[in-house]
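Structure file final-v4.cif with mmCIF, C-alpha atoms:
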data_data
loop_
_atom_site.group_PDB
_atom_site.id
_atom_site.type_symbol
_atom_site.label_atom_id
_atom_site.label_comp_id
_atom_site.auth_asym_id
_atom_site.auth_seq_id
_atom_site.Cartn_x
_atom_site.Cartn_y
_atom_site.Cartn_z
ATOM 1 C CA PRO J 87 -17.664 -1.458 -5.712
ATOM 2 C CA ILE J 88 -18.246 -0.846 -9.393
ATOM 3 C CA GLY J 89 -16.691 -3.280 -11.840
ATOM 4 C CA ALA J 90 -15.124 -6.724 -11.552
ATOM 5 C CA VAL J 91 -11.689 -5.489 -10.464
ATOM 6 C CA ALA J 92 -13.122 -3.271 -7.715
ATOM 7 C CA GLY J 93 -15.276 -6.155 -6.499
ATOM 8 C CA GLN J 94 -12.269 -8.504 -6.372
ATOM 9 C CA ARG J 95 -10.163 -5.983 -4.467
ATOM 10 C CA MET J 96 -12.891 -5.289 -1.900
ATOM 11 C CA ARG J 97 -13.601 -9.011 -1.326
ATOM 12 C CA THR J 98 -10.030 -9.499 -0.063
ATOM 13 C CA ARG J 99 -10.558 -6.823 2.586
ATOM 14 C CA ALA J 100 -13.077 -8.176 5.077
ATOM 15 C CA GLY J 101 -14.053 -6.031 8.036
ATOM 16 C CA THR J 102 -15.227 -2.529 8.862
ATOM 17 C CA PHE J 103 -13.640 0.497 7.221
ATOM 18 C CA ARG J 104 -13.939 4.196 7.976
ATOM 19 C CA VAL J 105 -13.893 6.744 5.148
ATOM 20 C CA LEU J 106 -11.267 9.352 6.014
ATOM 21 C CA PRO J 107 -11.508 13.015 5.022
ATOM 22 C CA SER J 108 -10.125 13.459 1.504
ATOM 23 C CA PRO J 109 -10.538 15.569 -1.636
ATOM 24 C CA GLY J 110 -13.788 15.071 -3.531
ATOM 25 C CA HIS J 111 -12.214 12.919 -6.253
ATOM 26 C CA VAL J 112 -10.517 10.485 -3.823
ATOM 27 C CA VAL J 113 -11.930 7.904 -1.422
ATOM 28 C CA PHE J 114 -9.495 7.010 1.349
ATOM 29 C CA MET J 115 -10.627 4.245 3.692
ATOM 30 C CA ARG J 116 -8.964 2.714 6.717
ATOM 31 C CA TYR J 117 -9.655 -0.579 8.495
ATOM 32 C CA THR J 118 -11.092 0.116 11.935
ATOM 33 C CA GLY J 119 -12.633 -3.136 13.103
ATOM 34 C CA GLU J 120 -16.130 -3.343 14.491
ATOM 35 C CA ASP J 121 -15.794 -0.395 16.891
ATOM 36 C CA GLY J 122 -15.188 2.131 14.079
ATOM 37 C CA ARG J 123 -12.132 3.673 15.770
ATOM 38 C CA ARG J 124 -8.426 3.264 15.059
ATOM 39 C CA ASP J 125 -6.871 0.770 17.480
ATOM 40 C CA VAL J 126 -3.438 -0.829 17.746
ATOM 41 C CA GLY J 127 -4.685 -3.998 16.022
ATOM 42 C CA ASP J 128 -5.928 -2.060 12.971
ATOM 43 C CA GLY J 129 -2.525 -2.002 11.259
ATOM 44 C CA ALA J 130 0.227 0.513 10.701
ATOM 45 C CA ILE J 131 -0.559 4.216 10.412
ATOM 46 C CA VAL J 132 -0.353 5.686 6.917
ATOM 47 C CA ARG J 133 2.084 8.610 7.055
ATOM 48 C CA VAL J 134 2.388 9.315 3.328
ATOM 49 C CA ALA J 135 0.483 7.922 0.357
ATOM 50 C CA GLY J 136 -0.039 8.812 -3.254
ATOM 51 C CA GLU J 137 -0.126 7.931 -6.909
ATOM 52 C CA VAL J 138 2.916 7.298 -9.061
ATOM 53 C CA THR J 139 2.470 8.892 -12.477
ATOM 54 C CA ALA J 140 5.978 8.864 -13.973
ATOM 55 C CA PRO J 141 9.178 6.824 -13.719
ATOM 56 C CA GLY J 142 11.504 8.382 -11.161
ATOM 57 C CA ALA J 143 8.697 10.075 -9.236
ATOM 58 C CA LEU J 144 9.449 7.936 -6.184
ATOM 59 C CA CYS J 145 12.979 9.408 -5.954
ATOM 60 C CA ASP J 146 11.502 12.352 -4.064
ATOM 61 C CA VAL J 147 9.609 10.023 -1.718
ATOM 62 C CA LEU J 148 12.775 8.044 -0.939
ATOM 63 C CA ALA J 149 14.674 11.298 -0.371
ATOM 64 C CA LEU J 150 11.942 12.460 2.039
ATOM 65 C CA LEU J 151 12.104 9.189 3.963
ATOM 66 C CA GLY J 152 15.881 9.410 4.163
ATOM 67 C CA GLN J 153 15.781 13.024 5.384
ATOM 68 C CA THR J 154 13.057 12.538 8.005
ATOM 69 C CA GLY J 155 14.728 9.510 9.554
ATOM 70 C CA TRP J 156 11.376 7.759 9.858
ATOM 71 C CA ARG J 157 11.081 4.073 10.548
ATOM 72 C CA GLY J 158 8.559 2.021 8.596
ATOM 73 C CA GLU J 159 7.619 0.303 5.376
ATOM 74 C CA LEU J 160 7.250 1.857 1.940
ATOM 75 C CA VAL J 161 4.773 -0.274 -0.016
ATOM 76 C CA VAL J 162 4.712 0.325 -3.772
ATOM 77 C CA GLN J 163 2.212 -1.380 -6.065
ATOM 78 C CA ASN J 164 1.795 -1.353 -9.805
ATOM 79 C CA GLY J 165 -0.528 -3.893 -11.293
ATOM 80 C CA ASP J 166 0.119 -7.237 -9.628
ATOM 81 C CA ALA J 167 3.656 -6.252 -8.614
ATOM 82 C CA ALA J 168 4.108 -5.355 -4.953
ATOM 83 C CA ARG J 169 7.352 -4.229 -3.374
ATOM 84 C CA SER J 170 8.131 -3.199 0.194
ATOM 85 C CA VAL J 171 11.226 -1.269 1.256
ATOM 86 C CA PHE J 172 11.896 -1.095 4.995
ATOM 87 C CA PHE J 173 13.468 1.972 6.602
ATOM 88 C CA ASP J 174 15.028 2.597 9.977
ATOM 89 C CA GLN J 175 16.374 6.058 10.843
ATOM 90 C CA GLY J 176 16.253 6.978 7.154
ATOM 91 C CA ASN J 177 18.314 3.960 6.041
ATOM 92 C CA VAL J 178 17.080 1.089 3.892
ATOM 93 C CA VAL J 179 17.351 -2.053 6.030
ATOM 94 C CA GLY J 180 15.410 -4.598 3.977
ATOM 95 C CA ALA J 181 13.062 -5.236 1.091
ATOM 96 C CA LEU J 182 10.399 -7.693 -0.084
ATOM 97 C CA THR J 183 8.974 -8.361 -3.528
ATOM 98 C CA ASN J 184 6.555 -10.651 -5.307
ATOM 99 C CA VAL J 185 8.259 -10.039 -8.679
ATOM 100 C CA GLU J 186 9.960 -13.271 -9.748
ATOM 101 C CA ASP J 187 12.980 -11.541 -11.359
ATOM 102 C CA GLU J 188 13.714 -9.825 -8.037
ATOM 103 C CA ARG J 189 13.528 -12.970 -5.890
ATOM 104 C CA ILE J 190 16.790 -14.131 -4.317
ATOM 105 C CA GLY J 191 17.178 -17.151 -6.633
ATOM 106 C CA SER J 192 16.881 -14.964 -9.717
ATOM 107 C CA VAL J 193 19.359 -12.454 -8.281
ATOM 108 C CA LEU J 194 21.856 -15.242 -7.538
ATOM 109 C CA TYR J 195 21.526 -16.519 -11.097
ATOM 110 C CA ARG J 196 21.761 -13.063 -12.688
ATOM 111 C CA PHE J 197 24.943 -12.210 -10.773
ATOM 112 C CA GLY J 198 26.564 -15.581 -11.524
ATOM 113 C CA MET J 199 26.423 -16.881 -7.949
ATOM 114 C CA ALA J 200 24.334 -19.957 -8.840
ATOM 115 C CA ASP J 201 23.584 -21.840 -12.037
ATOM 116 C CA THR J 202 20.036 -22.864 -12.963
ATOM 117 C CA GLU J 203 20.434 -26.413 -11.629
ATOM 118 C CA ARG J 204 21.590 -25.259 -8.181
ATOM 119 C CA ARG J 205 19.035 -22.454 -8.046
ATOM 120 C CA ASP J 206 16.178 -24.807 -8.904
ATOM 121 C CA ARG J 207 17.330 -27.368 -6.331
ATOM 122 C CA ILE J 208 17.473 -24.696 -3.597
ATOM 123 C CA VAL J 209 14.050 -23.312 -4.603
ATOM 124 C CA GLU J 210 12.528 -26.812 -4.499
ATOM 125 C CA GLN J 211 13.774 -27.433 -0.959
ATOM 126 C CA ALA J 212 12.866 -23.914 0.167
ATOM 127 C CA LYS J 213 9.222 -24.477 -0.859
ATOM 128 C CA ALA J 214 8.851 -26.642 2.246
ATOM 129 C CA GLY J 215 8.951 -23.458 4.342
ATOM 130 C CA ARG J 216 12.712 -23.220 4.743
ATOM 131 C CA ARG J 217 14.684 -20.056 4.036
ATOM 132 C CA PHE J 218 16.519 -19.894 0.734
ATOM 133 C CA GLY J 219 19.872 -18.960 2.289
ATOM 134 C CA GLU J 220 19.697 -21.736 4.875
ATOM 135 C CA VAL J 221 19.159 -24.342 2.153
ATOM 136 C CA ALA J 222 21.985 -22.929 -0.010
ATOM 137 C CA LEU J 223 24.317 -22.966 2.997
ATOM 138 C CA GLU J 224 23.318 -26.497 4.002
ATOM 139 C CA LEU J 225 23.876 -27.821 0.473
ATOM 140 C CA GLY J 226 27.288 -26.169 0.404
ATOM 141 C CA TYR J 227 26.457 -24.075 -2.653
ATOM 142 C CA LEU J 228 27.158 -20.713 -0.993
ATOM 143 C CA THR J 229 29.031 -19.336 1.983
ATOM 144 C CA ARG J 230 27.438 -17.069 4.551
ATOM 145 C CA GLU J 231 29.307 -14.098 3.072
ATOM 146 C CA GLN J 232 27.983 -14.889 -0.417
ATOM 147 C CA ILE J 233 24.433 -15.115 0.935
ATOM 148 C CA TYR J 234 24.763 -11.719 2.643
ATOM 149 C CA SER J 235 26.187 -10.250 -0.551
ATOM 150 C CA ALA J 236 23.267 -11.681 -2.541
ATOM 151 C CA ILE J 237 20.740 -10.262 -0.071
ATOM 152 C CA SER J 238 22.382 -6.848 -0.412
ATOM 153 C CA LYS J 239 22.174 -7.086 -4.215
ATOM 154 C CA GLN J 240 18.542 -8.196 -3.972
ATOM 155 C CA ILE J 241 17.647 -5.176 -1.836
ATOM 156 C CA GLU J 242 19.355 -2.908 -4.375
ATOM 157 C CA GLU J 243 17.459 -4.563 -7.237
ATOM 158 C CA ILE J 244 14.118 -4.084 -5.461
ATOM 159 C CA VAL J 245 14.837 -0.434 -4.616
ATOM 160 C CA PHE J 246 16.032 0.334 -8.163
ATOM 161 C CA ALA J 247 12.955 -1.374 -9.656
ATOM 162 C CA THR J 248 10.766 0.653 -7.284
ATOM 163 C CA LEU J 249 12.277 3.877 -8.606
ATOM 164 C CA THR J 250 11.431 2.984 -12.222
ATOM 165 C CA ILE J 251 7.707 2.445 -11.643
ATOM 166 C CA GLY J 252 5.721 4.828 -13.819
ATOM 167 C CA ASP J 253 2.133 3.991 -12.825
ATOM 168 C CA GLY J 254 0.942 2.787 -9.421
ATOM 169 C CA THR J 255 0.457 3.731 -5.805
ATOM 170 C CA PHE J 256 2.675 4.062 -2.744
ATOM 171 C CA PHE J 257 2.075 4.043 0.973
ATOM 172 C CA PHE J 258 4.522 4.692 3.789
ATOM 173 C CA LEU J 259 3.361 2.847 6.872
#
Before we go any further, please render this structure as structure tokens.
Amino acid sequence: PIGAVAGQRMRTRAGTFRVLPSPGHVVFMRYTGEDGRRDVGDGAIVRVAGEVTAPGALCDVLALLGQTGWRGELVVQNGDAARSVFFDQGNVVGALTNVEDERIGSVLYRFGMADTERRDRIVEQAKAGRRFGEVALELGYLTREQIYSAISKQIEEIVFATLTIGDGTFFFL
């Protein structure tokens, strides 16, 4: 790898990789383990991948995934932000993010479902490995219906934020 960033990214990916056929200006590698062949333990198959070069460009990718009815995970990265949107039969069924403003506590606060004191108390207890919703339910801050509503809003927030990315990469696994 050339450069500090490339070196850092490669260090986090231990193991054997195979260079896949690609255009001359692209290097596409896949983890293959020591045997050099794709096995079940090598991770999900990449069905679609590419660069994001303008906000809204991922609208076409989401439309494709909805039309094909595929099941899998759309991983979108820009800078340090990473988002995953999960599909089943073309429908969005879940989402993950590492962006703080899209975390469930921030969504609850933004939509007026929890004040900062309650949110911070739930987050503190959830750091011990417990789920955010379980803690909120146990403390009596939210009902099950409110938690489900918040999760739905969080998924929407993640998907909408994904659509606005103007520079990054995406992979459908």
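Taking all atoms listed in the file into account, Leu160 (chain J) lies nearest to J:Thr183 out of the set J:Ser192, J:Thr139, J:Thr183, J:Thr229.
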Polymer residues at most 10 Å from Val179 (chain J), only C-alpha atoms, same-chain spacing of 3 or more positions, as a ChimeraX atom specification: /J:157,171-176,238,241
Nearest to Gly101 (chain J), chosen from J:Ile131, J:Met115, J:Ile88, J:Ala167, with all atoms listed in the file counted in the distances: J:Met115
10 Å contact set for Ala168 (chain J), all atoms listed in the file, chain neighbours under 3 positions out, as an MDAnalysis selection string: chainID J and resid 161:165 182:185 248 254:256
Sphere at (11.7, 8.2, -6.6), radius 12 Å, counting all atoms listed in the file: residues as number ranges by chain: J: 137-152, 160, 162, 245-252, 256
File of the preceding selection, C-alpha atoms, as an mmCIF file, in the coordinates of the input:
data_model
loop_
_atom_site.group_PDB
_atom_site.id
_atom_site.type_symbol
_atom_site.label_atom_id
_atom_site.label_comp_id
_atom_site.auth_asym_id
_atom_site.auth_seq_id
_atom_site.Cartn_x
_atom_site.Cartn_y
_atom_site.Cartn_z
ATOM 1 C CA GLU J 137 -0.126 7.931 -6.909
ATOM 2 C CA VAL J 138 2.916 7.298 -9.061
ATOM 3 C CA THR J 139 2.470 8.892 -12.477
ATOM 4 C CA ALA J 140 5.978 8.864 -13.973
ATOM 5 C CA PRO J 141 9.178 6.824 -13.719
ATOM 6 C CA GLY J 142 11.504 8.382 -11.161
ATOM 7 C CA ALA J 143 8.697 10.075 -9.236
ATOM 8 C CA LEU J 144 9.449 7.936 -6.184
ATOM 9 C CA CYS J 145 12.979 9.408 -5.954
ATOM 10 C CA ASP J 146 11.502 12.352 -4.064
ATOM 11 C CA VAL J 147 9.609 10.023 -1.718
ATOM 12 C CA LEU J 148 12.775 8.044 -0.939
ATOM 13 C CA ALA J 149 14.674 11.298 -0.371
ATOM 14 C CA LEU J 150 11.942 12.460 2.039
ATOM 15 C CA LEU J 151 12.104 9.189 3.963
ATOM 16 C CA GLY J 152 15.881 9.410 4.163
ATOM 17 C CA LEU J 160 7.250 1.857 1.940
ATOM 18 C CA VAL J 162 4.712 0.325 -3.772
ATOM 19 C CA VAL J 245 14.837 -0.434 -4.616
ATOM 20 C CA PHE J 246 16.032 0.334 -8.163
ATOM 21 C CA ALA J 247 12.955 -1.374 -9.656
ATOM 22 C CA THR J 248 10.766 0.653 -7.284
ATOM 23 C CA LEU J 249 12.277 3.877 -8.606
ATOM 24 C CA THR J 250 11.431 2.984 -12.222
ATOM 25 C CA ILE J 251 7.707 2.445 -11.643
ATOM 26 C CA GLY J 252 5.721 4.828 -13.819
ATOM 27 C CA PHE J 256 2.675 4.062 -2.744
#
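Ranking J:Ile190, J:Val126, J:Ala200, J:Val134 by their shortest atom-to-atom distance to Leu259 (chain J), with all atoms listed in the file included, puts J:Val134 first.
As for CA of Arg124 (chain J) and CA of Ala92 (chain J), they are spaced 24.2 Å apart.
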Result set, the PyMOL selection byres ((chain J and resi 208) around 12) on current file, as a ChimeraX atom specification: /J:190-192,194-195,200-207,209-228
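Across the structure, CA of Ala90 (chain J) and CA of Val112 (chain J) are spaced 19.4 Å apart.
Proximity to Leu106 (chain J) was assessed for J:Met199, J:Val132, J:Val91, J:Val193 counting only C-alpha atoms; the smallest distance is recorded for J:Val132.
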Axis-aligned box for region 209-222 of chain J, 5 Å per side, centre and edges in Å as lines of an AutoDock Vina configuration file:
center_x = 15.4
center_y = -23.2
center_z = 0.1
size_x = 23.1
size_y = 18.5
size_z = 19.5
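Using all atoms listed in the file, the nearest neighbour of Gly122 (chain J) within the list J:Val105, J:Ile244, J:Met96, J:Ala135 is J:Val105.
Picture a line from CA of Glu242 (chain J) to CA of Glu186 (chain J); it runs 15.0 Å.
With only C-alpha atoms as the atoms that count, the minimum distance from Gly136 (chain J) to the choices J:Thr98, J:Thr154, J:Phe114, J:Phe103 is reached by J:Phe114.
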